[in-house]
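Chemist: My file is entry-v2.cif. It has mmCIF, C-alpha atoms:
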```cif
data_data
#
loop_
_atom_site.label_atom_id
_atom_site.label_comp_id
_atom_site.auth_asym_id
_atom_site.auth_seq_id
_atom_site.Cartn_x
_atom_site.Cartn_y
_atom_site.Cartn_z
CA MET A 244 87.64 91.10 129.35
CA SER A 245 89.91 90.13 126.50
CA PHE A 246 87.09 90.93 124.04
CA MET A 247 86.97 94.52 125.27
CA LYS A 248 90.75 94.77 125.21
CA GLU A 249 90.92 93.62 121.59
CA LEU A 250 88.12 96.01 120.76
CA THR A 251 89.66 99.14 122.23
CA LYS A 252 93.30 98.67 121.20
CA GLY A 253 92.61 99.57 117.56
CA ILE A 254 91.02 102.88 118.48
CA ILE A 255 93.91 104.58 120.25
CA LYS A 256 96.91 102.46 121.17
CA GLU A 257 97.31 100.74 117.81
CA ASN A 258 95.36 103.15 115.64
CA PRO A 259 95.88 101.92 112.06
CA THR A 260 96.25 105.39 110.54
CA PHE A 261 98.25 107.35 113.10
CA VAL A 262 100.28 104.64 114.83
CA ILE A 263 100.74 101.79 112.35
CA VAL A 264 100.54 104.21 109.36
CA LEU A 265 98.65 101.96 106.96
CA GLY A 266 95.97 102.75 104.41
CA MET A 267 97.19 106.21 103.49
CA CYS A 268 95.52 106.42 100.07
CA PRO A 269 91.87 106.33 101.22
CA THR A 270 92.68 108.47 104.26
CA LEU A 271 93.89 111.30 102.07
CA ALA A 272 91.56 110.87 99.14
CA THR A 273 88.21 110.47 100.87
CA SER A 274 88.62 112.92 103.74
CA THR A 275 87.31 115.93 101.81
CA SER A 276 84.05 115.87 103.78
CA VAL A 277 82.91 114.16 106.97
CA ASN A 278 80.12 112.53 105.00
CA ASN A 279 82.58 110.78 102.66
CA ALA A 280 84.85 109.88 105.57
CA ILE A 281 82.07 108.09 107.44
CA GLY A 282 80.99 106.26 104.28
CA MET A 283 84.52 105.11 103.49
CA GLY A 284 85.25 104.20 107.11
CA LEU A 285 82.14 102.10 107.51
CA ALA A 286 82.64 100.36 104.16
CA ALA A 287 86.19 99.41 105.16
CA THR A 288 85.01 98.36 108.64
CA PHE A 289 82.40 96.03 107.16
CA VAL A 290 84.95 94.42 104.85
CA LEU A 291 87.46 94.16 107.70
CA ILE A 292 85.03 92.42 110.09
CA CYS A 293 83.74 90.01 107.44
CA SER A 294 87.19 89.10 106.13
CA ASN A 295 88.50 88.67 109.69
CA ILE A 296 85.64 86.26 110.53
CA PHE A 297 86.07 84.29 107.33
CA ILE A 298 89.84 84.05 107.44
CA SER A 299 89.80 83.07 111.07
CA LEU A 300 87.28 80.31 110.27
CA ILE A 301 89.34 78.83 107.45
CA LYS A 302 92.76 79.32 109.06
CA ASN A 303 93.20 75.59 109.76
CA ILE A 304 92.42 74.41 106.24
CA THR A 305 94.34 77.13 104.36
CA PRO A 306 97.67 75.83 103.06
CA ASP A 307 100.38 78.15 104.32
CA LYS A 308 102.00 78.65 100.91
CA ILE A 309 98.95 80.08 99.18
CA ARG A 310 97.48 81.98 102.11
CA ILE A 311 98.02 85.44 100.60
CA PRO A 312 96.07 84.68 97.37
CA VAL A 313 93.34 83.14 99.53
CA TYR A 314 93.11 86.33 101.61
CA VAL A 315 93.01 88.44 98.47
CA ILE A 316 90.08 86.47 97.07
CA VAL A 317 88.15 86.59 100.36
CA ILE A 318 88.68 90.34 100.68
CA ALA A 319 87.86 91.01 97.02
CA ALA A 320 84.59 89.08 97.36
CA PHE A 321 83.45 91.21 100.30
CA VAL A 322 84.56 94.40 98.57
CA SER A 323 82.43 93.48 95.56
CA ILE A 324 79.45 93.02 97.90
CA VAL A 325 80.00 96.48 99.41
CA ASP A 326 80.56 98.01 95.97
CA MET A 327 77.33 96.66 94.53
CA SER A 328 75.17 97.32 97.61
CA MET A 329 76.43 100.86 97.83
CA ALA A 330 75.76 101.48 94.13
CA ALA A 331 72.20 100.23 94.66
CA TYR A 332 71.24 101.94 97.93
CA LEU A 333 73.58 104.94 98.27
CA PRO A 334 74.31 106.02 94.68
CA ALA A 335 75.37 109.56 95.64
CA LEU A 336 77.99 108.35 98.14
CA HIS A 337 79.11 105.64 95.72
CA LYS A 338 79.69 108.28 93.08
CA SER A 339 81.70 110.58 95.33
CA LEU A 340 83.91 107.77 96.67
CA GLY A 341 84.26 106.41 93.13
CA LEU A 342 87.45 104.50 92.46
CA PHE A 343 88.26 104.12 96.15
CA ILE A 344 85.53 101.56 96.82
CA PRO A 345 87.09 98.82 94.64
CA LEU A 346 90.47 99.93 95.97
CA ILE A 347 89.52 98.76 99.48
CA VAL A 348 90.87 95.42 98.19
CA VAL A 349 94.41 96.74 98.32
CA ASN A 350 93.95 98.68 101.57
CA CYS A 351 96.92 97.49 103.61
CA ILE A 352 94.96 97.64 106.89
CA ILE A 353 92.66 94.79 105.86
CA MET A 354 95.42 92.61 104.45
CA GLY A 355 97.60 93.46 107.44
CA ARG A 356 94.98 92.39 110.01
CA ALA A 357 94.29 89.17 108.10
CA GLU A 358 97.96 88.26 108.10
CA ALA A 359 98.90 89.58 111.54
CA TYR A 360 95.79 88.76 113.54
CA ALA A 361 92.92 86.77 112.01
CA ASN A 362 94.97 83.78 110.94
CA LYS A 363 96.32 83.27 114.46
CA ASN A 364 93.30 83.99 116.66
CA ASN A 365 89.81 82.61 117.20
CA VAL A 366 86.66 84.00 115.63
CA ILE A 367 85.38 86.04 118.61
CA ASN A 368 88.68 87.87 119.08
CA SER A 369 88.97 88.41 115.34
CA ILE A 370 85.55 90.07 115.30
CA ALA A 371 86.61 92.36 118.15
CA ASP A 372 89.86 93.16 116.36
CA GLY A 373 87.97 93.91 113.15
CA ILE A 374 85.50 96.24 114.88
CA GLY A 375 88.24 98.02 116.82
CA MET A 376 90.57 98.52 113.87
CA GLY A 377 87.66 99.55 111.65
CA LEU A 378 86.44 102.12 114.15
CA GLY A 379 89.98 103.39 114.67
CA PHE A 380 90.31 103.90 110.93
CA THR A 381 86.88 105.58 110.72
CA LEU A 382 87.67 107.93 113.61
CA ALA A 383 91.03 108.89 112.13
CA LEU A 384 89.37 109.58 108.79
CA CYS A 385 86.68 111.68 110.47
CA LEU A 386 89.29 113.67 112.38
CA VAL A 387 91.16 114.58 109.18
CA ALA A 388 87.87 115.22 107.38
CA THR A 389 86.58 117.47 110.18
CA ILE A 390 89.59 119.74 109.92
CA ARG A 391 89.50 119.81 106.14
CA GLU A 392 85.75 120.38 105.85
CA ILE A 393 85.57 123.11 108.49
CA LEU A 394 88.56 125.03 107.13
CA GLY A 395 87.88 124.41 103.47
CA ASN A 396 84.13 124.71 103.33
CA GLY A 397 83.05 126.22 106.65
CA THR A 398 80.69 123.31 107.29
CA TRP A 399 80.63 120.09 109.30
CA LEU A 400 78.46 117.25 108.00
CA ASN A 401 76.94 119.87 105.66
CA ILE A 402 75.87 122.04 108.63
CA ARG A 403 77.37 125.53 108.59
CA VAL A 404 79.64 126.06 111.63
CA MET A 405 81.73 129.02 110.53
CA PRO A 406 80.18 132.50 110.27
CA GLU A 407 78.95 133.60 106.84
CA THR A 408 81.82 136.06 106.54
CA TYR A 409 84.41 133.27 106.81
CA ASP A 410 86.47 133.02 103.65
CA PRO A 411 87.04 129.27 103.05
CA MET A 412 90.62 128.03 102.73
CA LEU A 413 90.01 126.11 99.55
CA ILE A 414 93.48 124.60 99.62
CA THR A 415 92.62 122.26 102.49
CA LEU A 416 90.14 120.51 100.20
CA LEU A 417 92.73 120.06 97.45
CA ALA A 418 95.54 117.50 97.36
CA PRO A 419 98.27 119.64 99.01
CA GLY A 420 95.97 120.43 101.94
CA ALA A 421 95.31 116.74 102.50
CA PHE A 422 99.01 115.93 102.82
CA ILE A 423 99.80 118.91 105.02
CA THR A 424 96.81 118.38 107.35
CA LEU A 425 97.70 114.74 107.92
CA GLY A 426 101.39 115.57 108.35
CA LEU A 427 100.67 118.20 111.01
CA LEU A 428 98.19 115.92 112.79
CA MET A 429 100.76 113.13 112.95
CA GLY A 430 103.38 115.53 114.26
CA LEU A 431 100.94 116.66 116.94
CA MET A 432 100.21 113.05 117.95
CA ASN A 433 103.96 112.35 118.24
CA MET A 434 104.37 115.45 120.39
CA LEU A 435 101.56 114.41 122.74
CA LYS A 436 103.09 110.95 123.01
CA GLU A 437 106.49 112.35 123.98
CA LYS A 438 104.97 114.56 126.66
CA LYS A 439 103.41 111.57 128.42
CA MET E 56 95.55 115.66 66.28
CA GLY E 57 97.86 112.92 65.09
CA PHE E 58 99.05 109.95 67.08
CA LEU E 59 102.17 111.72 68.30
CA GLY E 60 100.21 114.77 69.37
CA GLN E 61 97.80 112.66 71.35
CA LEU E 62 100.67 110.73 72.88
CA PHE E 63 102.33 113.96 73.97
CA THR E 64 99.10 115.22 75.53
CA MET E 65 98.63 111.97 77.39
CA ALA E 66 102.23 111.98 78.63
CA ILE E 67 101.99 115.52 80.01
CA SER E 68 98.66 114.74 81.60
CA ALA E 69 99.75 111.45 83.20
CA ILE E 70 103.12 112.68 84.43
CA LEU E 71 102.44 116.27 85.44
CA ILE E 72 98.78 117.27 85.54
CA GLN E 73 96.97 114.17 86.75
CA ASN E 74 99.90 112.62 88.55
CA PHE E 75 98.90 109.36 90.21
CA VAL E 76 100.52 110.10 93.54
CA LEU E 77 100.08 113.82 93.97
CA SER E 78 96.69 114.48 92.48
CA ARG E 79 94.91 111.12 92.50
CA PHE E 80 96.30 109.80 95.83
CA LEU E 81 97.19 106.39 94.42
CA GLY E 82 100.28 104.45 95.43
CA LEU E 83 101.00 106.45 98.55
CA CYS E 84 102.28 103.50 100.60
CA PRO E 85 105.38 102.90 98.45
CA TYR E 86 105.69 106.65 97.84
CA LEU E 87 106.11 107.29 101.56
CA GLY E 88 107.67 103.95 102.47
CA VAL E 89 110.35 103.39 99.82
CA SER E 90 111.47 106.99 99.30
CA LYS E 91 114.20 107.12 101.93
CA LYS E 92 117.03 106.14 99.58
CA MET E 93 117.61 106.93 95.95
CA ASP E 94 118.70 103.37 94.98
CA SER E 95 115.67 101.63 96.39
CA ALA E 96 113.37 104.30 94.99
CA PHE E 97 114.83 103.69 91.54
CA GLY E 98 114.38 99.91 91.84
CA MET E 99 110.81 100.30 93.02
CA GLY E 100 110.02 102.78 90.27
CA MET E 101 111.29 100.51 87.51
CA ALA E 102 109.38 97.54 88.91
CA VAL E 103 106.18 99.62 89.12
CA ILE E 104 106.47 100.89 85.53
CA PHE E 105 106.91 97.33 84.31
CA VAL E 106 104.04 95.86 86.32
CA MET E 107 101.68 98.75 85.56
CA THR E 108 102.23 98.37 81.81
CA MET E 109 101.74 94.61 81.92
CA ALA E 110 98.73 94.86 84.24
CA SER E 111 97.07 97.43 81.97
CA ALA E 112 97.45 95.10 79.01
CA PHE E 113 96.28 91.90 80.72
CA CYS E 114 93.41 93.43 82.67
CA TYR E 115 92.14 95.21 79.58
CA LEU E 116 92.20 91.99 77.53
CA ILE E 117 90.51 90.01 80.29
CA TYR E 118 87.81 92.64 80.69
CA GLN E 119 87.18 93.05 76.97
CA TYR E 120 87.29 89.41 75.87
CA ILE E 121 86.18 87.44 78.94
CA LEU E 122 84.13 89.59 81.29
CA VAL E 123 82.14 91.62 78.74
CA PRO E 124 81.08 88.74 76.40
CA PHE E 125 79.90 86.65 79.38
CA GLU E 126 78.29 89.65 81.13
CA LEU E 127 80.47 89.22 84.20
CA GLU E 128 81.46 92.88 84.60
CA TYR E 129 80.57 92.81 88.29
CA LEU E 130 83.50 90.43 88.86
CA GLN E 131 86.01 93.03 87.66
CA THR E 132 87.57 93.76 91.07
CA LEU E 133 88.08 90.07 91.77
CA ALA E 134 89.36 89.30 88.29
CA PHE E 135 91.76 92.25 88.22
CA ILE E 136 93.35 91.66 91.60
CA LEU E 137 93.87 87.98 90.76
CA THR E 138 95.39 88.91 87.42
CA ILE E 139 97.74 91.36 89.09
CA ALA E 140 98.75 88.93 91.82
CA ALA E 141 99.43 86.19 89.27
CA LEU E 142 101.28 88.61 87.02
CA VAL E 143 103.54 89.83 89.81
CA GLN E 144 104.31 86.24 90.79
CA PHE E 145 105.05 85.33 87.19
CA VAL E 146 107.26 88.35 86.62
CA GLU E 147 109.15 87.53 89.79
CA MET E 148 109.82 83.94 88.70
CA PHE E 149 110.73 85.02 85.17
CA ILE E 150 113.24 87.63 86.32
CA LYS E 151 114.68 85.27 88.92
CA LYS E 152 115.39 82.64 86.28
CA ASN E 153 116.59 84.87 83.44
CA SER E 154 118.31 87.77 85.08
CA PRO E 155 119.58 87.12 88.60
CA ALA E 156 121.27 90.53 88.71
CA LEU E 157 118.02 92.37 88.01
CA TYR E 158 116.24 90.09 90.45
CA LYS E 159 118.66 91.04 93.16
CA SER E 160 117.97 94.73 92.70
CA LEU E 161 114.20 94.48 92.15
CA GLY E 162 113.47 91.31 94.09
CA VAL E 163 112.26 92.65 97.40
CA TYR E 164 109.97 95.24 95.79
CA LEU E 165 108.10 92.93 93.47
CA PRO E 166 105.78 91.25 96.01
CA LEU E 167 104.98 94.67 97.47
CA ILE E 168 103.56 95.80 94.15
CA THR E 169 100.53 93.51 94.40
CA THR E 170 99.13 95.75 97.11
CA ASN E 171 100.13 98.98 95.39
CA CYS E 172 96.82 100.65 94.66
CA ALA E 173 98.27 102.48 91.65
CA VAL E 174 98.38 99.17 89.75
CA LEU E 175 94.77 98.18 90.46
CA GLY E 176 93.80 101.83 90.07
CA VAL E 177 95.18 102.13 86.55
CA ALA E 178 93.55 98.85 85.53
CA ILE E 179 90.15 100.11 86.70
CA LEU E 180 90.62 103.60 85.26
CA ASN E 181 91.49 102.10 81.87
CA ILE E 182 88.08 100.49 81.55
CA THR E 183 86.12 103.38 83.07
CA PRO E 184 84.40 105.58 80.48
CA LEU E 185 86.12 108.95 79.94
CA ALA E 186 84.38 112.32 80.14
CA ASP E 187 83.04 112.03 76.57
CA GLY E 188 81.61 108.54 77.15
CA THR E 189 84.19 106.60 75.15
CA ARG E 190 86.74 104.15 76.52
CA TYR E 191 90.43 103.77 75.79
CA ASN E 192 91.24 101.16 73.17
CA PHE E 193 93.91 98.54 73.88
CA ILE E 194 96.92 100.58 72.73
CA TRP E 195 95.92 103.67 74.69
CA ALA E 196 95.20 101.61 77.78
CA VAL E 197 98.71 100.12 77.69
CA LEU E 198 100.25 103.52 77.02
CA ASN E 199 98.24 105.01 79.88
CA GLY E 200 99.57 102.31 82.21
CA PHE E 201 103.15 102.93 81.09
CA LEU E 202 102.97 106.73 81.32
CA SER E 203 101.23 106.68 84.69
CA GLY E 204 104.02 104.42 85.92
CA VAL E 205 106.56 106.93 84.62
CA GLY E 206 104.70 109.68 86.50
CA PHE E 207 104.82 107.63 89.68
CA THR E 208 108.55 106.98 89.32
CA PHE E 209 109.21 110.63 88.56
CA VAL E 210 107.73 111.90 91.83
CA LEU E 211 109.14 108.94 93.78
CA LEU E 212 112.66 109.84 92.65
CA ALA E 213 112.12 113.53 93.34
CA MET E 214 110.84 112.71 96.81
CA ALA E 215 113.79 110.38 97.52
CA GLY E 216 116.24 113.06 96.41
CA ILE E 217 114.74 115.62 98.77
CA ARG E 218 114.40 113.18 101.65
CA GLU E 219 118.06 112.19 101.49
CA ARG E 220 118.92 115.81 102.17
CA LEU E 221 116.15 116.23 104.72
CA GLU E 222 117.79 113.58 106.90
CA MET E 223 120.56 116.08 107.58
CA ALA E 224 118.22 118.96 108.42
CA GLU E 225 117.45 119.99 111.96
CA MET E 226 113.82 119.72 112.98
CA PRO E 227 111.71 118.96 116.05
CA LYS E 228 111.86 115.31 117.03
CA SER E 229 108.12 114.82 116.70
CA MET E 230 108.19 115.95 113.06
CA ARG E 231 110.91 113.50 111.96
CA GLY E 232 110.06 110.73 109.52
CA MET E 233 106.47 110.42 108.42
CA PRO E 234 105.07 113.85 109.42
CA SER E 235 107.80 115.79 107.62
CA GLY E 236 107.49 113.39 104.67
CA LEU E 237 103.79 114.17 104.40
CA ILE E 238 104.31 117.91 104.57
CA LEU E 239 107.01 117.59 101.93
CA ALA E 240 104.56 115.65 99.76
CA GLY E 241 102.02 118.44 100.29
CA THR E 242 104.51 121.06 99.13
CA MET E 243 105.29 118.96 96.06
CA ALA E 244 101.58 118.58 95.32
CA LEU E 245 101.26 122.36 95.57
CA ALA E 246 104.02 122.76 92.99
CA PHE E 247 102.32 120.24 90.70
CA TYR E 248 99.08 122.18 90.96
CA GLY E 249 100.80 124.82 88.88
CA PHE E 250 100.42 122.47 85.89
CA MET E 251 96.65 122.35 86.31
CA GLY E 252 96.17 125.41 84.12
CA MET E 253 97.83 123.69 81.15
CA LYS E 254 95.17 122.80 78.61
CA PHE E 255 95.46 121.34 75.15
#
```
How would this structure read if it were set down as C-alpha cells?

Modeler:
Amino acid sequence: MSFMKELTKGIIKENPTFVIVLGMCPTLATSTSVNNAIGMGLAATFVLICSNIFISLIKNITPDKIRIPVYVIVIAAFVSIVDMSMAAYLPALHKSLGLFIPLIVVNCIIMGRAEAYANKNNVINSIADGIGMGLGFTLALCLVATIREILGNGTWLNIRVMPETYDPMLITLLAPGAFITLGLLMGLMNMLKEKK
Amino acid sequence: MGFLGQLFTMAISAILIQNFVLSRFLGLCPYLGVSKKMDSAFGMGMAVIFVMTMASAFCYLIYQYILVPFELEYLQTLAFILTIAALVQFVEMFIKKNSPALYKSLGVYLPLITTNCAVLGVAILNITPLADGTRYNFIWAVLNGFLSGVGFTFVLLAMAGIRERLEMAEMPKSMRGMPSGLILAGTMALAFYGFMGMKF
C-alpha cells in the first residue's frame, strides 16, 4: 500500500518538474526530441534510484555535518557509471546529450530527494520514491519534447506525424521555444489545478 | 589576431552569443529563483563570477597536472564536483573571517553555488576540445570562466530588472510567478538570438 503511494506521488501530485520546479536545465536543454528526452529521463532515473538506495543504507553511519559532501560523492559515482556505460553502448545518444550527462550530478532533483527523503526513510520506500520521481521527471521531459518535436520537426520519435506540407516551426527547437513551451505548459497546469 | 583581439572576441561570444543561461541552458535554477529582486540578483551574480573564475582555474590545474598524468580522466566529474564543493566552502570561510560585510551580503548565496550547473559546466567545457581539436590553455580557461560568469550576471540582472516591474503588471493568476518568468526568459533568448549572426 505505502509502496504504491510512494511510487505514484512523484508522477502527478509532486511532479518534480511541474510542481516542485526542480531540474530546469536538463528539462529545457534535452527536450529537443522525444528520443533525447527518454534517454535523459532514464539516465536520471537510474542515478536517482541508485543514490536513493545507497544513501538510505548509509543514513545511520553518515555524520550529519558532512552529509552533503557524502551525497555529492555517491551521486557523482553513479553519474560516472552512467556516463561511461552510455558512451560505450549508446554513443549516438551520448553525443547528443553531451555535457548534460555529467551535469546530472548537480541536478537538484537528485540532491533534493537524497536530502528530503532518502536520509529519513527505509530502503524499500526510498526505491519507490526514486522510481516515482524518476518517472515523473521522464514523463514531464517527454511531454515538453513531444510538443517541441511535433511543432518544430513534424515528427514524433522520428516518425512523421504531420503532413508533408507542414512547415516546421523551427523556433520551438531553439532556446526561446524551449522557455516559452515550458512556461505555457506550466501556466496550463496551474489553470487546471485552479479549476478543480 | 593579438591577445586583446582574441579577448574581445571571447568576451562577445561568452556574454552575448553563447550566453550560458539563454543559449546553453546552464544555471537556470538561480536564474529563475534569485531574479525576483535586484539586490539579491546582484549578490548572486558577484558570487557566481568569483566562484566560476576560481573553479575554472582549480579544475583546469587538477585535470592537467593530476588526472592526465595518472590517466584518471574518467574521474573528472567526481574530481570537479569535489573541487567545487571544497572551493565554495573555503571561499565562504575566507570571506566570513576577512570581510563580514561582504559575507552578510553574499553569505546565503554561496552554498547554493555548489549546485549551480554553470560552475560545473564551465569547468567541463574548459577541458573539452574545441571545434578545431585544440584545448584552452590555462589563461584562456580562467578568462573563459570569468567572462561566462559576467554573461550569467548580465542576464540575471536584466531579468531581475524586468521582473521587478512585472510584479506590478496585471496578468491571469495561473501565469503569475514561474510561468511568466519562463516566457520572459524565452523572449530574452529570442532577443539574444539576434547576436548569432555576429561572426569574427

Chemist: How close does chain E get to chain A? List, as CSV, each residue of chain E within 8 Å, its nearest atom pair and the distance in Å to one decimal, counting only C-alpha atoms.

Modeler:
```
residue,atom,partner,partner_atom,distance
E:Leu77,CA,A:Ala418,CA,6.8
E:Ser78,CA,A:Ala418,CA,5.9
E:Arg79,CA,A:Ala272,CA,7.4
E:Phe80,CA,A:Cys268,CA,5.5
E:Leu81,CA,A:Cys268,CA,5.9
E:Gly82,CA,A:Cys268,CA,6.9
E:Leu83,CA,A:Cys268,CA,5.7
E:Cys84,CA,A:Met267,CA,6.5
E:Tyr129,CA,A:Ser323,CA,7.5
E:Leu130,CA,A:Ser323,CA,7.4
E:Thr132,CA,A:Pro345,CA,6.2
E:Leu133,CA,A:Ala319,CA,5.3
E:Ile136,CA,A:Val315,CA,7.6
E:Leu137,CA,A:Ile316,CA,7.5
E:Ala140,CA,A:Pro312,CA,7.5
E:Thr169,CA,A:Val349,CA,8.0
E:Thr170,CA,A:Val349,CA,5.0
E:Asn171,CA,A:Val349,CA,6.8
E:Cys172,CA,A:Val349,CA,5.9
E:Leu175,CA,A:Leu346,CA,7.2
E:Gly176,CA,A:Leu346,CA,7.0
E:Ile179,CA,A:Leu342,CA,7.7
E:Leu180,CA,A:Leu342,CA,7.9
E:Ser229,CA,A:Asn433,CA,5.1
E:Met230,CA,A:Gly430,CA,5.0
E:Met233,CA,A:Gly426,CA,7.2
E:Pro234,CA,A:Gly426,CA,4.2
E:Ser235,CA,A:Gly426,CA,6.5
E:Gly236,CA,A:Gly426,CA,7.5
E:Leu237,CA,A:Gly426,CA,4.8
E:Ile238,CA,A:Ile423,CA,4.6
E:Leu239,CA,A:Ile423,CA,8.0
E:Ala240,CA,A:Phe422,CA,6.3
E:Gly241,CA,A:Pro419,CA,4.1
E:Thr242,CA,A:Pro419,CA,6.4
E:Met243,CA,A:Pro419,CA,7.6
E:Ala244,CA,A:Pro419,CA,5.1
E:Leu245,CA,A:Pro419,CA,5.3
```

Chemist: Can you write out the residues you just picked, keeping C-alpha atoms, as an mmCIF file, keeping the file's coordinate frame?

Modeler:
```cif
data_model
loop_
_atom_site.group_PDB
_atom_site.id
_atom_site.type_symbol
_atom_site.label_atom_id
_atom_site.label_comp_id
_atom_site.auth_asym_id
_atom_site.auth_seq_id
_atom_site.Cartn_x
_atom_site.Cartn_y
_atom_site.Cartn_z
ATOM 1 C CA LEU E 77 100.080 113.820 93.970
ATOM 2 C CA SER E 78 96.690 114.480 92.480
ATOM 3 C CA ARG E 79 94.910 111.120 92.500
ATOM 4 C CA PHE E 80 96.300 109.800 95.830
ATOM 5 C CA LEU E 81 97.190 106.390 94.420
ATOM 6 C CA GLY E 82 100.280 104.450 95.430
ATOM 7 C CA LEU E 83 101.000 106.450 98.550
ATOM 8 C CA CYS E 84 102.280 103.500 100.600
ATOM 9 C CA TYR E 129 80.570 92.810 88.290
ATOM 10 C CA LEU E 130 83.500 90.430 88.860
ATOM 11 C CA THR E 132 87.570 93.760 91.070
ATOM 12 C CA LEU E 133 88.080 90.070 91.770
ATOM 13 C CA ILE E 136 93.350 91.660 91.600
ATOM 14 C CA LEU E 137 93.870 87.980 90.760
ATOM 15 C CA ALA E 140 98.750 88.930 91.820
ATOM 16 C CA THR E 169 100.530 93.510 94.400
ATOM 17 C CA THR E 170 99.130 95.750 97.110
ATOM 18 C CA ASN E 171 100.130 98.980 95.390
ATOM 19 C CA CYS E 172 96.820 100.650 94.660
ATOM 20 C CA LEU E 175 94.770 98.180 90.460
ATOM 21 C CA GLY E 176 93.800 101.830 90.070
ATOM 22 C CA ILE E 179 90.150 100.110 86.700
ATOM 23 C CA LEU E 180 90.620 103.600 85.260
ATOM 24 C CA SER E 229 108.120 114.820 116.700
ATOM 25 C CA MET E 230 108.190 115.950 113.060
ATOM 26 C CA MET E 233 106.470 110.420 108.420
ATOM 27 C CA PRO E 234 105.070 113.850 109.420
ATOM 28 C CA SER E 235 107.800 115.790 107.620
ATOM 29 C CA GLY E 236 107.490 113.390 104.670
ATOM 30 C CA LEU E 237 103.790 114.170 104.400
ATOM 31 C CA ILE E 238 104.310 117.910 104.570
ATOM 32 C CA LEU E 239 107.010 117.590 101.930
ATOM 33 C CA ALA E 240 104.560 115.650 99.760
ATOM 34 C CA GLY E 241 102.020 118.440 100.290
ATOM 35 C CA THR E 242 104.510 121.060 99.130
ATOM 36 C CA MET E 243 105.290 118.960 96.060
ATOM 37 C CA ALA E 244 101.580 118.580 95.320
ATOM 38 C CA LEU E 245 101.260 122.360 95.570
#
```

Chemist: Could you expand the PyMOL selection byres ((chain A and resi 329) around 12) into the explicit residues it covers here, written as a count of residues only?

Modeler: 25

Chemist: Please, what distance in Å, to one decimal, runs between atom CA of Val197 of chain E and atom CA of Ser111 of chain E?

Modeler: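 Between these atoms lies a distance of 5.3 Å.
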
Chemist: What is the atom CA of Glu257 of chain A-atom CA of Glu358 of chain A distance in Å, reported with one decimal?

Modeler: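 About the pair atom CA of Glu257 of chain A and atom CA of Glu358 of chain A: they are 15.8 Å apart.
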
Chemist: Residues at most 8 Å from Thr208 of chain E, counting only C-alpha atoms, excluding those fewer than 5 positions away in the same chain, as a VMD selection string?

Modeler: chain E and resid 96 to 97 99 to 101 103 to 104

Chemist: Would you compute the distance between atom CA of Gly379 of chain A and atom CA of Asn364 of chain A? Give it in Å to one decimal.

Modeler: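 Atom CA of Asn364 of chain A lies at a distance of 19.8 Å from atom CA of Gly379 of chain A.
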
Chemist: Let me have the centre and edge lengths of the axis-aligned box enclosing all listed atoms of segment 237-240 of chain E with 4 Å padding on every side, in Å to one decimal, as lines of an AutoDock Vina configuration file.

Modeler:
```
center_x = 105.4
center_y = 116.0
center_z = 102.2
size_x = 11.2
size_y = 11.7
size_z = 12.8
```

Chemist: Taking 5 positions as the minimum chain separation for residues in the same chain, which residues sit within 8 Å of Lys252 of chain A when counting only C-alpha atoms? Answer as a PyMOL selection string.

Modeler: chain A and resi 257-258+375-376

Chemist: Can you spell out as number ranges by chain the set of residues that the PyMOL selection byres ((chain E and resi 146) around 12) selects in the structure I just provided?

Modeler: E: 102-103, 105-107, 109-110, 138-145, 147-154, 157-158, 161-162, 164-166, 168-169

Chemist: Expand the PyMOL selection byres ((chain A and resi 367) around 10) into the individual residues it matches in the shown file, reporting them as a PyMOL selection string.

Modeler: chain A and resi 245-246+249+295-296+299+364-366+368-373
